[in-house]
>>> print(open('work-v6.tsv').read())   # TSV, C-alpha atoms
chain	number	residue	atom	x	y	z
A	1	MET	CA	-0.47	-29.90	9.41
A	2	GLU	CA	-2.22	-31.83	6.71
A	3	LYS	CA	-5.01	-29.90	5.09
A	4	LYS	CA	-8.32	-31.60	4.64
A	5	LYS	CA	-9.08	-31.35	0.94
A	6	ILE	CA	-12.64	-30.30	0.35
A	7	HIS	CA	-13.83	-29.83	-3.19
A	8	LEU	CA	-16.31	-27.16	-3.95
A	9	ASN	CA	-19.01	-28.08	-6.36
A	10	ASP	CA	-18.67	-26.82	-9.88
A	11	LYS	CA	-21.62	-24.45	-9.56
A	12	CYS	CA	-20.07	-22.62	-6.62
A	13	ARG	CA	-16.70	-22.31	-8.39
A	14	ARG	CA	-18.39	-20.90	-11.50
A	15	ASP	CA	-20.31	-18.41	-9.36
A	16	LEU	CA	-17.11	-17.28	-7.68
A	17	CYS	CA	-15.44	-16.87	-11.06
A	18	ALA	CA	-18.37	-14.74	-12.25
A	19	LEU	CA	-18.18	-12.65	-9.07
A	20	VAL	CA	-14.48	-11.96	-9.62
A	21	ASP	CA	-15.44	-10.74	-13.08
A	22	GLY	CA	-18.29	-8.58	-11.77
A	23	GLU	CA	-20.78	-10.68	-13.74
A	24	ALA	CA	-22.52	-12.61	-10.98
A	25	ASN	CA	-26.23	-11.95	-10.63
A	26	ASP	CA	-28.00	-11.55	-7.29
A	27	PHE	CA	-28.87	-15.25	-7.05
A	28	GLU	CA	-25.27	-16.25	-7.66
A	29	VAL	CA	-23.99	-13.75	-5.09
A	30	GLN	CA	-26.50	-15.06	-2.58
A	31	SER	CA	-25.48	-18.63	-3.38
A	32	ILE	CA	-21.81	-17.79	-2.64
A	33	LEU	CA	-22.69	-16.05	0.63
A	34	THR	CA	-24.78	-19.02	1.69
A	35	ALA	CA	-21.90	-21.38	0.86
A	36	MET	CA	-19.71	-19.32	3.21
A	37	ASP	CA	-21.83	-20.61	6.08
A	38	GLY	CA	-21.79	-24.22	4.91
A	39	GLU	CA	-19.34	-27.07	5.15
A	40	ASN	CA	-17.25	-25.61	2.31
A	41	ALA	CA	-16.95	-22.24	4.02
A	42	ARG	CA	-13.17	-22.32	4.21
A	43	GLU	CA	-12.71	-23.47	0.61
A	44	VAL	CA	-15.01	-20.72	-0.66
A	45	ARG	CA	-12.87	-18.10	1.09
A	46	GLU	CA	-9.60	-19.64	-0.09
A	47	LEU	CA	-10.75	-19.95	-3.68
A	48	TRP	CA	-11.98	-16.34	-3.65
A	49	ARG	CA	-8.56	-15.30	-2.36
A	50	ARG	CA	-6.68	-17.30	-4.97
A	51	TYR	CA	-8.86	-16.04	-7.81
A	52	ASN	CA	-8.16	-12.47	-6.73
A	53	LEU	CA	-4.43	-13.16	-6.34
A	54	ALA	CA	-4.31	-14.59	-9.86
A	55	SER	CA	-6.21	-11.57	-11.12
A	56	ASN	CA	-3.69	-9.24	-9.44
A	57	SER	CA	-0.82	-11.17	-10.99
A	58	ILE	CA	-2.27	-10.95	-14.51
A	59	ARG	CA	-2.94	-7.24	-14.07
A	60	ASN	CA	0.57	-6.66	-12.70
A	61	GLU	CA	-0.90	-5.25	-9.51
A	62	THR	CA	0.30	-5.76	-5.95
A	63	PHE	CA	1.03	-9.39	-5.50
A	64	GLY	CA	1.73	-10.95	-2.15
A	65	LEU	CA	0.43	-13.38	0.37
A	66	GLY	CA	0.85	-11.17	3.42
A	67	PHE	CA	-1.31	-12.38	6.24
A	68	ASP	CA	-4.99	-13.07	6.36
A	69	VAL	CA	-6.79	-10.77	8.78
A	70	SER	CA	-10.30	-11.53	7.52
A	71	GLY	CA	-11.10	-13.92	10.39
A	72	ASP	CA	-10.03	-11.39	13.02
A	73	VAL	CA	-11.90	-8.58	11.30
A	74	VAL	CA	-15.10	-10.62	11.11
A	75	ALA	CA	-14.75	-11.54	14.79
A	76	ALA	CA	-14.25	-7.88	15.68
A	77	ILE	CA	-17.26	-6.63	13.71
A	78	LYS	CA	-19.48	-9.48	14.83
A	79	ASN	CA	-21.42	-7.23	17.18
A	80	GLN	CA	-20.58	-3.96	15.51
A	81	PRO	CA	-23.48	-2.16	13.91
A	82	ILE	CA	-22.97	0.02	10.85
A	83	ARG	CA	-23.65	3.64	11.75
A	84	HIS	CA	-26.86	4.25	9.85
A	85	LEU	CA	-28.37	7.67	9.53
A	86	THR	CA	-31.68	7.50	11.37
A	87	GLU	CA	-34.62	9.74	10.49
A	88	SER	CA	-33.85	12.14	13.37
A	89	ASN	CA	-30.18	12.22	12.31
A	90	LYS	CA	-31.23	12.98	8.76
A	91	ILE	CA	-33.42	15.86	9.97
A	92	SER	CA	-30.63	17.24	12.17
A	93	GLU	CA	-28.23	16.93	9.28
A	94	ALA	CA	-30.65	18.80	7.01
A	95	ILE	CA	-31.10	21.55	9.64
A	96	LEU	CA	-27.36	21.77	10.06
A	97	GLN	CA	-26.85	22.10	6.32
A	98	PHE	CA	-29.59	24.74	6.08
A	99	GLY	CA	-28.09	26.66	9.00
A	100	LEU	CA	-24.69	26.55	7.41
A	101	ALA	CA	-26.05	27.79	4.09
A	102	ALA	CA	-27.99	30.59	5.83
A	103	SER	CA	-24.89	31.65	7.79
A	104	VAL	CA	-22.86	31.86	4.64
A	105	ALA	CA	-25.59	33.91	2.94
A	106	VAL	CA	-25.88	36.34	5.90
A	107	LEU	CA	-22.12	36.65	6.10
A	108	THR	CA	-21.96	37.44	2.41
A	109	ILE	CA	-24.67	40.12	2.68
A	110	PHE	CA	-22.98	41.76	5.68
A	111	SER	CA	-19.62	41.63	3.97
A	112	VAL	CA	-21.01	43.38	0.91
A	113	GLN	CA	-22.71	46.01	3.07
A	114	TYR	CA	-19.60	46.53	5.15
A	115	PHE	CA	-17.37	47.08	2.15
A	116	ASN	CA	-19.92	49.38	0.51
A	117	ASN	CA	-20.18	51.40	3.74
A	118	SER	CA	-16.43	51.72	3.95
A	119	ASP	CA	-16.47	52.96	0.41
A	120	MET	CA	-19.18	55.54	1.19
A	121	VAL	CA	-17.40	56.78	4.33
A	122	ASP	CA	-14.44	57.56	2.13
A	123	GLN	CA	-16.75	59.26	-0.34
A	124	THR	CA	-18.36	61.34	2.44
A	125	ARG	CA	-14.99	62.37	3.75
A	126	HIS	CA	-14.03	63.37	0.28
A	127	ASN	CA	-17.19	65.46	-0.12
A	128	VAL	CA	-16.66	67.18	3.21
A	129	LYS	CA	-13.08	67.80	2.37
A	130	VAL	CA	-14.14	69.51	-0.82
A	131	GLU	CA	-16.48	71.70	1.21
A	132	SER	CA	-13.78	72.58	3.67
A	133	ASN	CA	-11.53	73.41	0.77
A	134	GLY	CA	-14.31	75.60	-0.43
A	135	VAL	CA	-14.32	77.37	2.92
A	136	GLU	CA	-10.67	77.96	2.62
A	137	ALA	CA	-10.96	79.24	-0.91
A	138	SER	CA	-13.84	81.62	-0.34
A	139	ALA	CA	-12.82	82.59	3.14
A	140	GLY	CA	-16.23	84.10	3.47
A	141	PRO	CA	-17.78	84.79	6.85
A	142	ALA	CA	-20.70	82.45	6.26
A	143	ALA	CA	-18.47	79.45	6.46
A	144	GLN	CA	-16.37	80.69	9.31
A	145	PHE	CA	-16.89	80.79	13.02
A	146	PRO	CA	-15.72	83.22	15.67
A	147	ASN	CA	-12.85	82.28	17.89
A	148	GLY	CA	-13.92	79.88	20.64
A	149	PHE	CA	-17.18	79.10	18.96
A	150	LYS	CA	-17.84	75.43	18.72
A	151	PRO	CA	-20.59	74.58	16.29
A	152	ASN	CA	-23.11	72.15	17.67
A	153	ILE	CA	-24.20	70.38	14.59
A	154	ASN	CA	-26.57	67.47	14.90
A	155	VAL	CA	-25.04	64.72	13.00
A	156	GLN	CA	-27.26	62.17	11.40
A	157	THR	CA	-26.00	59.02	9.93
A	158	VAL	CA	-26.34	58.99	6.24
A	159	SER	CA	-27.45	55.73	4.80
A	160	VAL	CA	-25.61	54.48	1.81
A	161	GLY	CA	-28.82	54.10	-0.11
A	162	SER	CA	-29.96	57.66	0.45
A	163	ILE	CA	-26.64	59.04	-0.69
A	164	ARG	CA	-26.62	56.90	-3.73
A	165	LYS	CA	-30.21	57.13	-4.78
A	166	SER	CA	-31.32	60.63	-3.77
A	167	GLU	CA	-29.61	63.92	-4.33
A	168	PRO	CA	-26.47	64.29	-2.30
A	169	LYS	CA	-27.30	65.53	1.20
A	170	VAL	CA	-24.06	65.46	3.05
A	171	SER	CA	-24.19	66.40	6.71
A	172	LEU	CA	-21.13	67.89	8.20
A	173	ASP	CA	-19.26	65.50	10.31
A	174	THR	CA	-18.50	66.79	13.81
A	175	ARG	CA	-15.25	64.93	13.65
A	176	LEU	CA	-14.11	67.64	11.28
A	177	PHE	CA	-14.65	70.28	13.96
A	178	GLN	CA	-13.22	68.19	16.69
A	179	ASP	CA	-9.97	68.13	14.86
A	180	ASP	CA	-7.67	70.65	16.49
A	181	LYS	CA	-5.87	71.54	13.31
A	182	ILE	CA	-9.06	72.44	11.52
A	183	ARG	CA	-10.35	74.43	14.47
A	184	ASP	CA	-7.07	76.35	14.57
A	185	HIS	CA	-7.35	76.93	10.88
A	186	ILE	CA	-10.88	78.32	11.22
A	187	ASP	CA	-9.76	80.54	14.10
A	188	ARG	CA	-6.87	81.80	12.05
A	189	LYS	CA	-9.13	82.58	9.13
A	190	VAL	CA	-11.64	84.42	11.32
A	191	SER	CA	-8.87	86.55	12.84
A	192	GLU	CA	-7.46	87.24	9.41
A	193	TYR	CA	-10.89	88.28	8.17
A	194	TYR	CA	-11.36	90.71	11.02
A	195	ARG	CA	-7.90	92.10	10.46
A	196	GLN	CA	-8.62	92.61	6.76
A	197	SER	CA	-12.01	94.16	7.40
A	198	THR	CA	-10.40	96.55	9.90
A	199	HIS	CA	-7.87	97.54	7.26
A	200	ILE	CA	-10.58	98.06	4.67
A	201	ASP	CA	-12.58	100.23	7.06
A	202	HIS	CA	-9.46	102.14	7.89
A	203	ASP	CA	-8.64	102.71	4.18
A	204	ARG	CA	-12.19	103.81	3.46
A	205	LYS	CA	-12.06	106.32	6.26
A	206	ASN	CA	-8.72	107.59	4.98
A	207	ARG	CA	-10.12	108.01	1.44
A	208	MET	CA	-13.10	109.81	2.74
B	1	MET	CA	-16.11	10.65	-11.60
B	2	ILE	CA	-17.30	7.16	-10.83
B	3	ASP	CA	-15.25	4.39	-12.31
B	4	HIS	CA	-17.47	1.72	-13.78
B	5	ASN	CA	-14.82	-0.95	-14.18
B	6	ILE	CA	-15.60	-4.59	-13.54
B	7	SER	CA	-13.90	-4.68	-10.15
B	8	ASN	CA	-16.11	-1.79	-9.11
B	9	VAL	CA	-19.23	-3.71	-10.15
B	10	THR	CA	-18.25	-6.60	-7.88
B	11	ASP	CA	-17.47	-4.21	-5.03
B	12	CYS	CA	-20.81	-2.44	-5.41
B	13	LYS	CA	-22.70	-5.72	-5.26
B	14	LEU	CA	-20.87	-6.81	-2.12
B	15	LEU	CA	-21.07	-3.36	-0.56
B	16	SER	CA	-24.82	-3.08	-0.97
B	17	ARG	CA	-25.17	-6.36	0.90
B	18	ALA	CA	-22.60	-5.39	3.53
B	19	LYS	CA	-24.45	-2.13	4.14
B	20	ARG	CA	-27.56	-4.14	4.82
B	21	GLY	CA	-25.60	-5.96	7.51
B	22	ASP	CA	-24.31	-9.01	5.64
B	23	LYS	CA	-20.90	-9.51	7.24
B	24	ARG	CA	-20.00	-12.30	4.82
B	25	ALA	CA	-20.14	-9.85	1.93
B	26	PHE	CA	-17.81	-7.53	3.82
B	27	GLU	CA	-15.51	-10.47	4.56
B	28	LEU	CA	-15.13	-11.10	0.83
B	29	LEU	CA	-14.08	-7.45	0.42
B	30	VAL	CA	-11.57	-7.85	3.26
B	31	ILE	CA	-10.07	-10.94	1.60
B	32	LYS	CA	-9.94	-9.15	-1.72
B	33	TYR	CA	-8.25	-5.97	-0.49
B	34	GLN	CA	-6.21	-6.94	2.55
B	35	GLN	CA	-3.01	-7.38	0.55
B	36	LYS	CA	-3.30	-3.94	-0.99
B	37	VAL	CA	-4.10	-2.33	2.35
B	38	GLN	CA	-1.11	-4.05	3.93
B	39	ASN	CA	1.02	-2.78	1.09
B	40	SER	CA	-0.12	0.81	1.73
B	41	LEU	CA	0.39	0.49	5.49
B	42	ALA	CA	3.82	-1.12	5.19
B	43	ARG	CA	5.16	2.26	4.14
B	44	PHE	CA	4.40	3.56	7.62
B	45	VAL	CA	5.11	0.64	9.92
B	46	LYS	CA	7.80	-1.99	9.69
B	47	ASP	CA	6.73	-4.24	12.51
B	48	ARG	CA	4.70	-7.30	11.56
B	49	ASP	CA	2.40	-7.20	14.61
B	50	GLU	CA	1.79	-3.48	14.20
B	51	LEU	CA	0.98	-4.01	10.55
B	52	ASN	CA	-1.42	-6.79	11.40
B	53	ASP	CA	-3.21	-4.65	14.01
B	54	LEU	CA	-3.40	-1.64	11.71
B	55	THR	CA	-4.79	-3.70	8.85
B	56	GLN	CA	-7.55	-4.95	11.10
B	57	GLU	CA	-8.21	-1.44	12.38
B	58	VAL	CA	-8.58	-0.10	8.84
B	59	PHE	CA	-11.23	-2.68	7.95
B	60	ILE	CA	-13.08	-2.29	11.23
B	61	LYS	CA	-13.20	1.48	10.72
B	62	ALA	CA	-14.35	0.99	7.16
B	63	TYR	CA	-17.11	-1.36	8.25
B	64	LYS	CA	-18.39	1.05	10.91
B	65	ALA	CA	-18.42	3.89	8.39
B	66	LEU	CA	-19.87	1.92	5.48
B	67	SER	CA	-23.01	4.04	5.37
B	68	ALA	CA	-20.81	7.07	4.68
B	69	PHE	CA	-19.46	5.47	1.52
B	70	ARG	CA	-21.69	6.72	-1.27
B	71	GLY	CA	-19.86	5.20	-4.20
B	72	ASP	CA	-18.53	8.51	-5.51
B	73	SER	CA	-15.13	6.88	-5.76
B	74	GLN	CA	-13.91	3.32	-5.97
B	75	PHE	CA	-14.15	1.35	-2.77
B	76	TYR	CA	-10.40	0.80	-2.68
B	77	THR	CA	-9.70	4.54	-3.05
B	78	TRP	CA	-11.87	5.15	0.01
B	79	LEU	CA	-10.19	2.29	1.84
B	80	HIS	CA	-6.75	3.60	0.92
B	81	ARG	CA	-7.63	6.99	2.43
B	82	ILE	CA	-8.76	5.33	5.67
B	83	ALA	CA	-5.50	3.33	5.71
B	84	LEU	CA	-3.38	6.47	5.33
B	85	ASN	CA	-5.22	8.31	8.09
B	86	THR	CA	-5.12	5.31	10.40
B	87	ALA	CA	-1.38	4.87	9.87
B	88	LYS	CA	-0.66	8.56	10.40
B	89	ASN	CA	-2.75	8.72	13.58
B	90	HIS	CA	-1.01	5.59	14.80
B	91	LEU	CA	2.42	7.14	14.32
B	92	VAL	CA	1.43	10.47	15.87
B	93	ALA	CA	-0.02	8.67	18.90
B	94	ARG	CA	3.37	7.02	19.36
B	95	ASN	CA	5.30	10.24	18.85
B	96	ARG	CA	6.67	9.02	15.57
B	97	ARG	CA	6.76	11.19	12.51
B	98	PRO	CA	4.57	10.14	9.59
B	99	PRO	CA	6.03	10.57	6.09
B	100	THR	CA	5.56	14.10	4.78
B	101	SER	CA	4.01	13.08	1.48
B	102	ASP	CA	1.02	10.84	0.88
B	103	ILE	CA	1.24	7.90	-1.43
B	104	GLN	CA	-1.41	7.92	-4.14
B	105	VAL	CA	-3.57	4.89	-4.83
B	106	SER	CA	-2.01	4.39	-8.25
B	107	ASP	CA	1.49	4.71	-6.79
B	108	ALA	CA	0.61	2.27	-4.04
B	109	GLU	CA	-0.19	-0.27	-6.74
B	110	SER	CA	3.19	0.03	-8.39
B	111	TYR	CA	5.21	0.88	-5.31
B	112	ASN	CA	6.55	-2.61	-5.01
B	113	ARG	CA	4.74	-5.42	-6.68
B	114	TYR	CA	6.10	-7.95	-4.28
B	115	TYR	CA	5.27	-5.78	-1.34
B	116	GLN	CA	6.59	-3.22	0.89
B	117	LEU	CA	6.37	-6.29	3.09
B	118	HIS	CA	9.78	-7.24	1.81
B	119	ASP	CA	11.11	-5.72	5.01
B	120	ILE	CA	8.62	-7.61	7.15
B	121	ASP	CA	7.72	-10.82	5.36
B	122	THR	CA	9.71	-13.99	5.78
B	123	PRO	CA	12.22	-14.85	3.01
B	124	ASP	CA	10.22	-18.02	2.34
B	125	ASN	CA	7.05	-16.08	1.70
B	126	ILE	CA	8.79	-13.57	-0.54
B	127	LEU	CA	10.30	-16.37	-2.58
B	128	LEU	CA	6.95	-18.11	-2.78
B	129	CYS	CA	5.25	-14.96	-4.08
B	130	GLU	CA	7.86	-14.47	-6.76
B	131	GLN	CA	7.63	-18.14	-7.74
B	132	MET	CA	3.86	-18.06	-7.92
B	133	ASP	CA	3.80	-14.89	-9.97
B	134	GLN	CA	6.28	-16.41	-12.39
B	135	ILE	CA	4.34	-19.66	-12.71
B	136	LEU	CA	1.06	-17.80	-13.33
B	137	LYS	CA	2.62	-15.83	-16.16
B	138	GLU	CA	4.10	-18.95	-17.72
B	139	THR	CA	0.77	-20.78	-17.41
B	140	ILE	CA	-1.08	-17.94	-19.14
B	141	SER	CA	1.38	-17.97	-22.00
B	142	GLN	CA	0.81	-21.72	-22.41
B	143	LEU	CA	-3.00	-21.54	-22.36
B	144	PRO	CA	-4.88	-22.50	-25.53
B	145	GLU	CA	-5.49	-19.49	-27.77
B	146	ASP	CA	-9.24	-19.19	-27.04
B	147	LEU	CA	-8.68	-19.23	-23.26
B	148	ARG	CA	-5.69	-16.89	-23.41
B	149	SER	CA	-7.68	-14.39	-25.47
B	150	VAL	CA	-10.66	-14.24	-23.11
B	151	ILE	CA	-8.54	-13.93	-19.97
B	152	SER	CA	-6.46	-11.23	-21.60
B	153	LEU	CA	-9.52	-9.27	-22.79
B	154	ARG	CA	-11.10	-9.63	-19.41
B	155	GLU	CA	-8.14	-8.84	-17.13
B	156	ASN	CA	-5.97	-6.57	-19.26
B	157	GLN	CA	-8.63	-4.77	-21.27
B	158	ASP	CA	-11.22	-4.81	-18.46
B	159	LEU	CA	-14.00	-5.81	-20.86
B	160	SER	CA	-17.33	-7.26	-19.82
B	161	TYR	CA	-18.52	-10.72	-20.89
B	162	GLU	CA	-20.84	-9.08	-23.41
B	163	GLU	CA	-18.05	-7.02	-24.97
B	164	ILE	CA	-15.74	-10.04	-25.13
B	165	ALA	CA	-18.52	-12.08	-26.75
B	166	LYS	CA	-18.91	-9.44	-29.47
B	167	ILE	CA	-15.18	-9.34	-30.14
B	168	MET	CA	-14.78	-13.12	-30.14
B	169	GLY	CA	-18.01	-13.66	-32.07
B	170	CYS	CA	-19.38	-16.21	-29.64
B	171	PRO	CA	-22.23	-16.41	-27.11
B	172	ILE	CA	-21.79	-14.87	-23.64
B	173	GLY	CA	-22.16	-18.35	-22.14
B	174	THR	CA	-19.10	-19.50	-24.06
B	175	VAL	CA	-17.07	-16.54	-22.77
B	176	ARG	CA	-18.16	-17.34	-19.27
B	177	SER	CA	-17.25	-20.96	-19.68
B	178	ARG	CA	-13.83	-20.22	-21.21
B	179	LEU	CA	-12.98	-17.77	-18.48
B	180	PHE	CA	-13.90	-20.32	-15.86
B	181	ARG	CA	-11.70	-22.94	-17.50
B	182	ALA	CA	-8.79	-20.52	-17.70
B	183	ARG	CA	-9.14	-19.60	-14.04
B	184	GLU	CA	-9.36	-23.23	-13.04
B	185	ILE	CA	-6.09	-24.03	-14.81
B	186	LEU	CA	-4.40	-21.06	-13.11
B	187	ASP	CA	-5.83	-22.06	-9.74
B	188	GLU	CA	-4.60	-25.60	-10.11
B	189	LYS	CA	-1.05	-24.30	-10.59
B	190	MET	CA	-1.36	-21.89	-7.67
B	191	THR	CA	-2.68	-24.57	-5.35
B	192	ALA	CA	0.19	-26.85	-6.30
B	193	VAL	CA	2.74	-24.15	-5.42
B	194	LEU	CA	0.98	-23.31	-2.15
B	195	ASN	CA	0.66	-26.93	-1.07
B	196	GLY	CA	4.24	-27.61	-1.98
B	197	ARG	CA	5.61	-25.13	0.50
>>> encode(input="work-v6.tsv", output="structure tokens")
Amino acid sequence: MEKKKIHLNDKCRRDLCALVDGEANDFEVQSILTAMDGENAREVRELWRRYNLASNSIRNETFGLGFDVSGDVVAAIKNQPIRHLTESNKISEAILQFGLAASVAVLTIFSVQYFNNSDMVDQTRHNVKVESNGVEASAGPAAQFPNGFKPNINVQTVSVGSIRKSEPKVSLDTRLFQDDKIRDHIDRKVSEYYRQSTHIDHDRKNRM
Amino acid sequence: MIDHNISNVTDCKLLSRAKRGDKRAFELLVIKYQQKVQNSLARFVKDRDELNDLTQEVFIKAYKALSAFRGDSQFYTWLHRIALNTAKNHLVARNRRPPTSDIQVSDAESYNRYYQLHDIDTPDNILLCEQMDQILKETISQLPEDLRSVISLRENQDLSYEEIAKIMGCPIGTVRSRLFRAREILDEKMTAVLNGR
């Protein structure tokens, strides 16, 4: 097929050259775009393509003819709108971003509180353990309970803040007394105490 | 980091118009980048029709999502990412395995200068490309000194007209004029090769 040779005017060629170089001003860009609708439309596109091919060759970039899809792409996007962010979309996006930021903040706060609480539970257990060790060491009656006696201690949750800031007020944890081993231990100690006190009384009577 | 090279300046000018709905501006970007996009896609598909369809799909997707492009990266980097995702989705949809590693933009440039399309393109076209590339290089080496200098400073050093003018010690208008003359000589050679096929 013989190609119809159409010569672009010098001005248009110069504008295209400047556009390839990133030096075309707004008027020149507009002039090129207008020429794309005119009788030289095809030549404008072909010259633009050749200028860019030459540029690629000089820069040692990808060089090839491939196939021209520009016509098909333009036909496909002819009635395609660009997805613009409308005002309502912008507002929803802002709300979404705010919500996301708030969620992260809340999650962070809860995480910190959770880990601090875990830490304090361990501390409380440690304190109670020390007390129970104390019971074992003193083996005094004040800290011991008769066999079968189940202490009904009102347990109040201890806030982390109160433990940290105020003087230590550690409530006994009922879980300690619900533990069979500990209850057995207390029972054993109480029995032992009574046995010892009986012996002491008996010795006293003998001395007297 | 935004790259302020000359190519990026051209892209930004065309993109701002394309975003306002000027399809001709977008068409110029398609013409400019279609070879590179095809080169990136040719790593994934080896069928000419598939490659053609995918190339179109990449540009259509890019056009629809233009408002999402904020210019934080170069336009081609963004386009390259769309091309990779499109190709991968295409392969997955056809129960074919995409390559395990991505090809970087810079690698895509040097992957094969004469195309991944070697496997797809006709032998005539491949030969033509190689011929044209060779002729362009010879023509540049034969250009008069003043033209060869400006085209080299512009294309290889990526300098602006103003910077070239300072180096050459001449007005910006002269730089502009010399560059135009150099490009015209190169284009004349290219056209002769293309028409001779």
>>> closest_residue(input="work-v6.tsv", among="A:Ala105, A:Ala24, A:Ala41, A:Ile182", to="Val9 in chain B", atoms="all atoms listed in the file")
A:Ala24
>>> atom_distance(input="work-v6.tsv", atom1="CA of Pro123 in chain B", atom2="CA of Leu91 in chain B")
26.6 Å
>>> interface_residues(input="work-v6.tsv", of="chain B", to="chain A", cutoff="8 Å", atoms="only C-alpha atoms", output="PyMOL selection string")
chain B and resi 6-10+19+21+23-25+27-28+30-32+34-36+38-39+52+55-56+59-60+63-67+109-110+112-115+117+121+125-126+129+133+136-137+154-156+160-161+176+179-180+183+186-187+190
>>> write_last_selection(input="work-v6.tsv", atoms="C-alpha atoms", output="PDB file, keeping the file's coordinate frame")
ATOM      1  CA  ILE B   6     -15.600  -4.590 -13.540  1.00  0.00           C
ATOM      2  CA  SER B   7     -13.900  -4.680 -10.150  1.00  0.00           C
ATOM      3  CA  ASN B   8     -16.110  -1.790  -9.110  1.00  0.00           C
ATOM      4  CA  VAL B   9     -19.230  -3.710 -10.150  1.00  0.00           C
ATOM      5  CA  THR B  10     -18.250  -6.600  -7.880  1.00  0.00           C
ATOM      6  CA  LYS B  19     -24.450  -2.130   4.140  1.00  0.00           C
ATOM      7  CA  GLY B  21     -25.600  -5.960   7.510  1.00  0.00           C
ATOM      8  CA  LYS B  23     -20.900  -9.510   7.240  1.00  0.00           C
ATOM      9  CA  ARG B  24     -20.000 -12.300   4.820  1.00  0.00           C
ATOM     10  CA  ALA B  25     -20.140  -9.850   1.930  1.00  0.00           C
ATOM     11  CA  GLU B  27     -15.510 -10.470   4.560  1.00  0.00           C
ATOM     12  CA  LEU B  28     -15.130 -11.100   0.830  1.00  0.00           C
ATOM     13  CA  VAL B  30     -11.570  -7.850   3.260  1.00  0.00           C
ATOM     14  CA  ILE B  31     -10.070 -10.940   1.600  1.00  0.00           C
ATOM     15  CA  LYS B  32      -9.940  -9.150  -1.720  1.00  0.00           C
ATOM     16  CA  GLN B  34      -6.210  -6.940   2.550  1.00  0.00           C
ATOM     17  CA  GLN B  35      -3.010  -7.380   0.550  1.00  0.00           C
ATOM     18  CA  LYS B  36      -3.300  -3.940  -0.990  1.00  0.00           C
ATOM     19  CA  GLN B  38      -1.110  -4.050   3.930  1.00  0.00           C
ATOM     20  CA  ASN B  39       1.020  -2.780   1.090  1.00  0.00           C
ATOM     21  CA  ASN B  52      -1.420  -6.790  11.400  1.00  0.00           C
ATOM     22  CA  THR B  55      -4.790  -3.700   8.850  1.00  0.00           C
ATOM     23  CA  GLN B  56      -7.550  -4.950  11.100  1.00  0.00           C
ATOM     24  CA  PHE B  59     -11.230  -2.680   7.950  1.00  0.00           C
ATOM     25  CA  ILE B  60     -13.080  -2.290  11.230  1.00  0.00           C
ATOM     26  CA  TYR B  63     -17.110  -1.360   8.250  1.00  0.00           C
ATOM     27  CA  LYS B  64     -18.390   1.050  10.910  1.00  0.00           C
ATOM     28  CA  ALA B  65     -18.420   3.890   8.390  1.00  0.00           C
ATOM     29  CA  LEU B  66     -19.870   1.920   5.480  1.00  0.00           C
ATOM     30  CA  SER B  67     -23.010   4.040   5.370  1.00  0.00           C
ATOM     31  CA  GLU B 109      -0.190  -0.270  -6.740  1.00  0.00           C
ATOM     32  CA  SER B 110       3.190   0.030  -8.390  1.00  0.00           C
ATOM     33  CA  ASN B 112       6.550  -2.610  -5.010  1.00  0.00           C
ATOM     34  CA  ARG B 113       4.740  -5.420  -6.680  1.00  0.00           C
ATOM     35  CA  TYR B 114       6.100  -7.950  -4.280  1.00  0.00           C
ATOM     36  CA  TYR B 115       5.270  -5.780  -1.340  1.00  0.00           C
ATOM     37  CA  LEU B 117       6.370  -6.290   3.090  1.00  0.00           C
ATOM     38  CA  ASP B 121       7.720 -10.820   5.360  1.00  0.00           C
ATOM     39  CA  ASN B 125       7.050 -16.080   1.700  1.00  0.00           C
ATOM     40  CA  ILE B 126       8.790 -13.570  -0.540  1.00  0.00           C
ATOM     41  CA  CYS B 129       5.250 -14.960  -4.080  1.00  0.00           C
ATOM     42  CA  ASP B 133       3.800 -14.890  -9.970  1.00  0.00           C
ATOM     43  CA  LEU B 136       1.060 -17.800 -13.330  1.00  0.00           C
ATOM     44  CA  LYS B 137       2.620 -15.830 -16.160  1.00  0.00           C
ATOM     45  CA  ARG B 154     -11.100  -9.630 -19.410  1.00  0.00           C
ATOM     46  CA  GLU B 155      -8.140  -8.840 -17.130  1.00  0.00           C
ATOM     47  CA  ASN B 156      -5.970  -6.570 -19.260  1.00  0.00           C
ATOM     48  CA  SER B 160     -17.330  -7.260 -19.820  1.00  0.00           C
ATOM     49  CA  TYR B 161     -18.520 -10.720 -20.890  1.00  0.00           C
ATOM     50  CA  ARG B 176     -18.160 -17.340 -19.270  1.00  0.00           C
ATOM     51  CA  LEU B 179     -12.980 -17.770 -18.480  1.00  0.00           C
ATOM     52  CA  PHE B 180     -13.900 -20.320 -15.860  1.00  0.00           C
ATOM     53  CA  ARG B 183      -9.140 -19.600 -14.040  1.00  0.00           C
ATOM     54  CA  LEU B 186      -4.400 -21.060 -13.110  1.00  0.00           C
ATOM     55  CA  ASP B 187      -5.830 -22.060  -9.740  1.00  0.00           C
ATOM     56  CA  MET B 190      -1.360 -21.890  -7.670  1.00  0.00           C
TER      57      MET B 190
END
>>> atom_distance(input="work-v6.tsv", atom1="CA of Val193 in chain B", atom2="CA of Ile140 in chain B")
15.5 Å
>>> closest_residue(input="work-v6.tsv", among="B:Arg181, B:Arg20, B:Lys88, B:Lys166", to="Ala42 in chain B", atoms="all atoms listed in the file")
B:Lys88
>>> residues_around(input="work-v6.tsv", residues="Phe69 in chain B", least_positions_apart="5", cutoff="10 Å", atoms="all atoms listed in the file", output="ChimeraX atom specification")
/B:15,19,62-63,74-75,78-79
>>> atom_distance(input="work-v6.tsv", atom1="CA of Cys12 in chain A", atom2="CA of Met168 in chain B")
25.9 Å
